[in-house]
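Structure, as structure tokens:
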Amino acid sequence: MARRLAPSINSGSMADIAFLLLIFFLISTTIETDQGISRKLPPLIDDPATADIKEKNLFKVELNQLNQLLVEDHLIKISDLKKAAIAFLDNGGGSGDLYCDYCKGERNLKSSDHPDKAVISLSKSRKTNYAFYIAVQNELVAAYSDLRNREAKRLYGISYIAMKENLKNEQDGNDKRILIARINRVRSMYPERLSEAVTKSRD
Amino acid sequence: MSKFKKKKSGELPAISTASLPDIVFMLLFFFMVATVMRQNTLMIENKLPYADQIEKLDKKDLVMYIYAGKPSSRYRASAGNQPRIQLNDKFAAVEDIKAFILAERTAKREELIPFLTTALKVDGDTNMGLVGDIKKELRDVQALKINYTTRQGDAAKNLK
């Protein structure tokens with residue numbers, strides 16, 4: 001009579017289960033990457049050239065030591081800053097050479113001529129809180145990217161942020177060159193002119 | 001019919017351990033992937049501000065870190081409670097930043113130097129004077145690409 005052993009549990013699928021778990025954890029854990037607002041500092045030049053900027057092309061943002069936000073010498077709330085910055089950048093009040101055919105602003109003659117000319121000047125006190133400064137930077141960057149998104153959607157049917165995201169995944173080739181050209185075009189429509197230099201008004 | 005009579009199941013069948021290595025490897029891989037090595041031990045408080053217009057810093061080897069904030073409670077007796085700069089594992093003065101950047105640069109391959117970014121990990125409660133001083137030093141050594149490291153979130157949370 002043949003002796004029978006107790007049937008052992010089939011472990012063939014154990015590996016599958018293990019891989020399943022492995023894949024689950026791989027997908028669900030995020031590796032911490034640093035993220036933040038990228039800026040470029042102006043290079044040091046020996047004799048600072050005095051650029052003449054018309055008063056109407058200058059958007060003065062001031063952060064004082066009491067953590068108050070002053071835009072064009074008026075106290076405003078930070079939630080209104082983005083709207084004010086967009087209204088200024090997108091104003092397009094110029095005519096002739098400076099006419100801006102894609103601006104959708106009010107074309108107020110007392111505000112900026114063209115996005116190319118519009119400069120945002122950010123000044124701060126030594127006692128301003130860093131978190132507050134970051135919040136203001138964030139709003140100003142948001143104003144630029146809102147306008148760029150709008151133009152990118154109008155021209156290419158895709159937002160500026162999405163184009164930049166696509167650029168990271170794009171392989172080298174013709175498509176990439178087209179994408180870079182598009183990004184540069186949108187960027188040049190609303191160039192980021194954010195100055196932290198000291199501005200003086202001429203009397 | 002005794003041929004088909006079941007054997008008395010006295011002893012339990014042994015559980016196969018053939019898959020134990022799989023499980024161990026799985027755990028190993030998981031921890032290998034998920035662990036982030038901290039480069040510096042923080043000696044300062046570092047509660048980063050919030051922002052939502054952010055970009056990721058992908059290439060970790062091209063980033064130099066400058067920390068700033070109030071010394072944490074352990075170091076308060078020796079370092080005071082005014083915001084300080086931390087470079088690597090030490091408190092540093094503003095003048096040390098230049099040397100730090102130059103040292104970091106020499107450690108990198110020459111063709112990578114233009115792509116180096118400086119990440120400013122500054123506590124939200126610091127005043128802009130210190131940050132301005134850091135930025136001035138960075139301009140002096142032509143380290144112009146900076147990144148204000150933030151947490152993702154609504155910027156309005158910074159105002160509390």
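In the structure tokens, chains take the letters A, B, ... in the order shown, each chain's residues start at 1, and ligands count up from 1 in the order shown.
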
Task: Residues near stretch 51-57 of chain B, cut-off 10 Å, only C-alpha atoms, skip fewer than 3 positions along chain, as a ChimeraX atom specification - done: /A:33-38,131,134-143,145 /B:48,60,62-63,117,119,147-158

Open item on the list: With only C-alpha atoms considered, list every residue of chain B at most 8 Å from chain A, as number ranges by chain.
Closed with: B: 3, 7, 9, 12-16, 18-19, 22-23, 26-27, 29-30, 33-36, 48-58, 122-132, 135, 139-140, 142, 144-152, 155-156, 158-159

- [ ] Determine, counting only C-alpha atoms, which protein, DNA and RNA residues have an atom within 7 Å of an atom of A:Leu109; residues of the same chain fewer than 2 positions away are not included. Present the result as number ranges by chain.
- [x] A: 93, 107, 111

Could the residues in this selection be saved with N, CA and C atoms as a compact mmCIF listing (two decimals), in the first residue's frame?
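In the end it all went to out10.txt:
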# COMPACT_ATOMS: atom_id res chain seq x y z
N GLY A 93 -1.97 99.57 -23.15
CA GLY A 93 -2.45 100.91 -23.43
C GLY A 93 -1.72 101.61 -24.56
N ARG A 107 -6.92 98.77 -21.72
CA ARG A 107 -6.24 99.75 -22.56
C ARG A 107 -6.33 101.14 -21.94
N SER A 111 -1.98 103.17 -17.52
CA SER A 111 -1.30 101.96 -17.08
C SER A 111 -0.35 101.50 -18.18

- [ ] Excluding stretch 181-184 of chain A and residues on its chain fewer than 3 positions from it, collect all residues at most 9 Å away from it, counting only C-alpha atoms, and give them as a ChimeraX atom specification.
- [x] /A:152,156,160,163-164,176-178,187-189
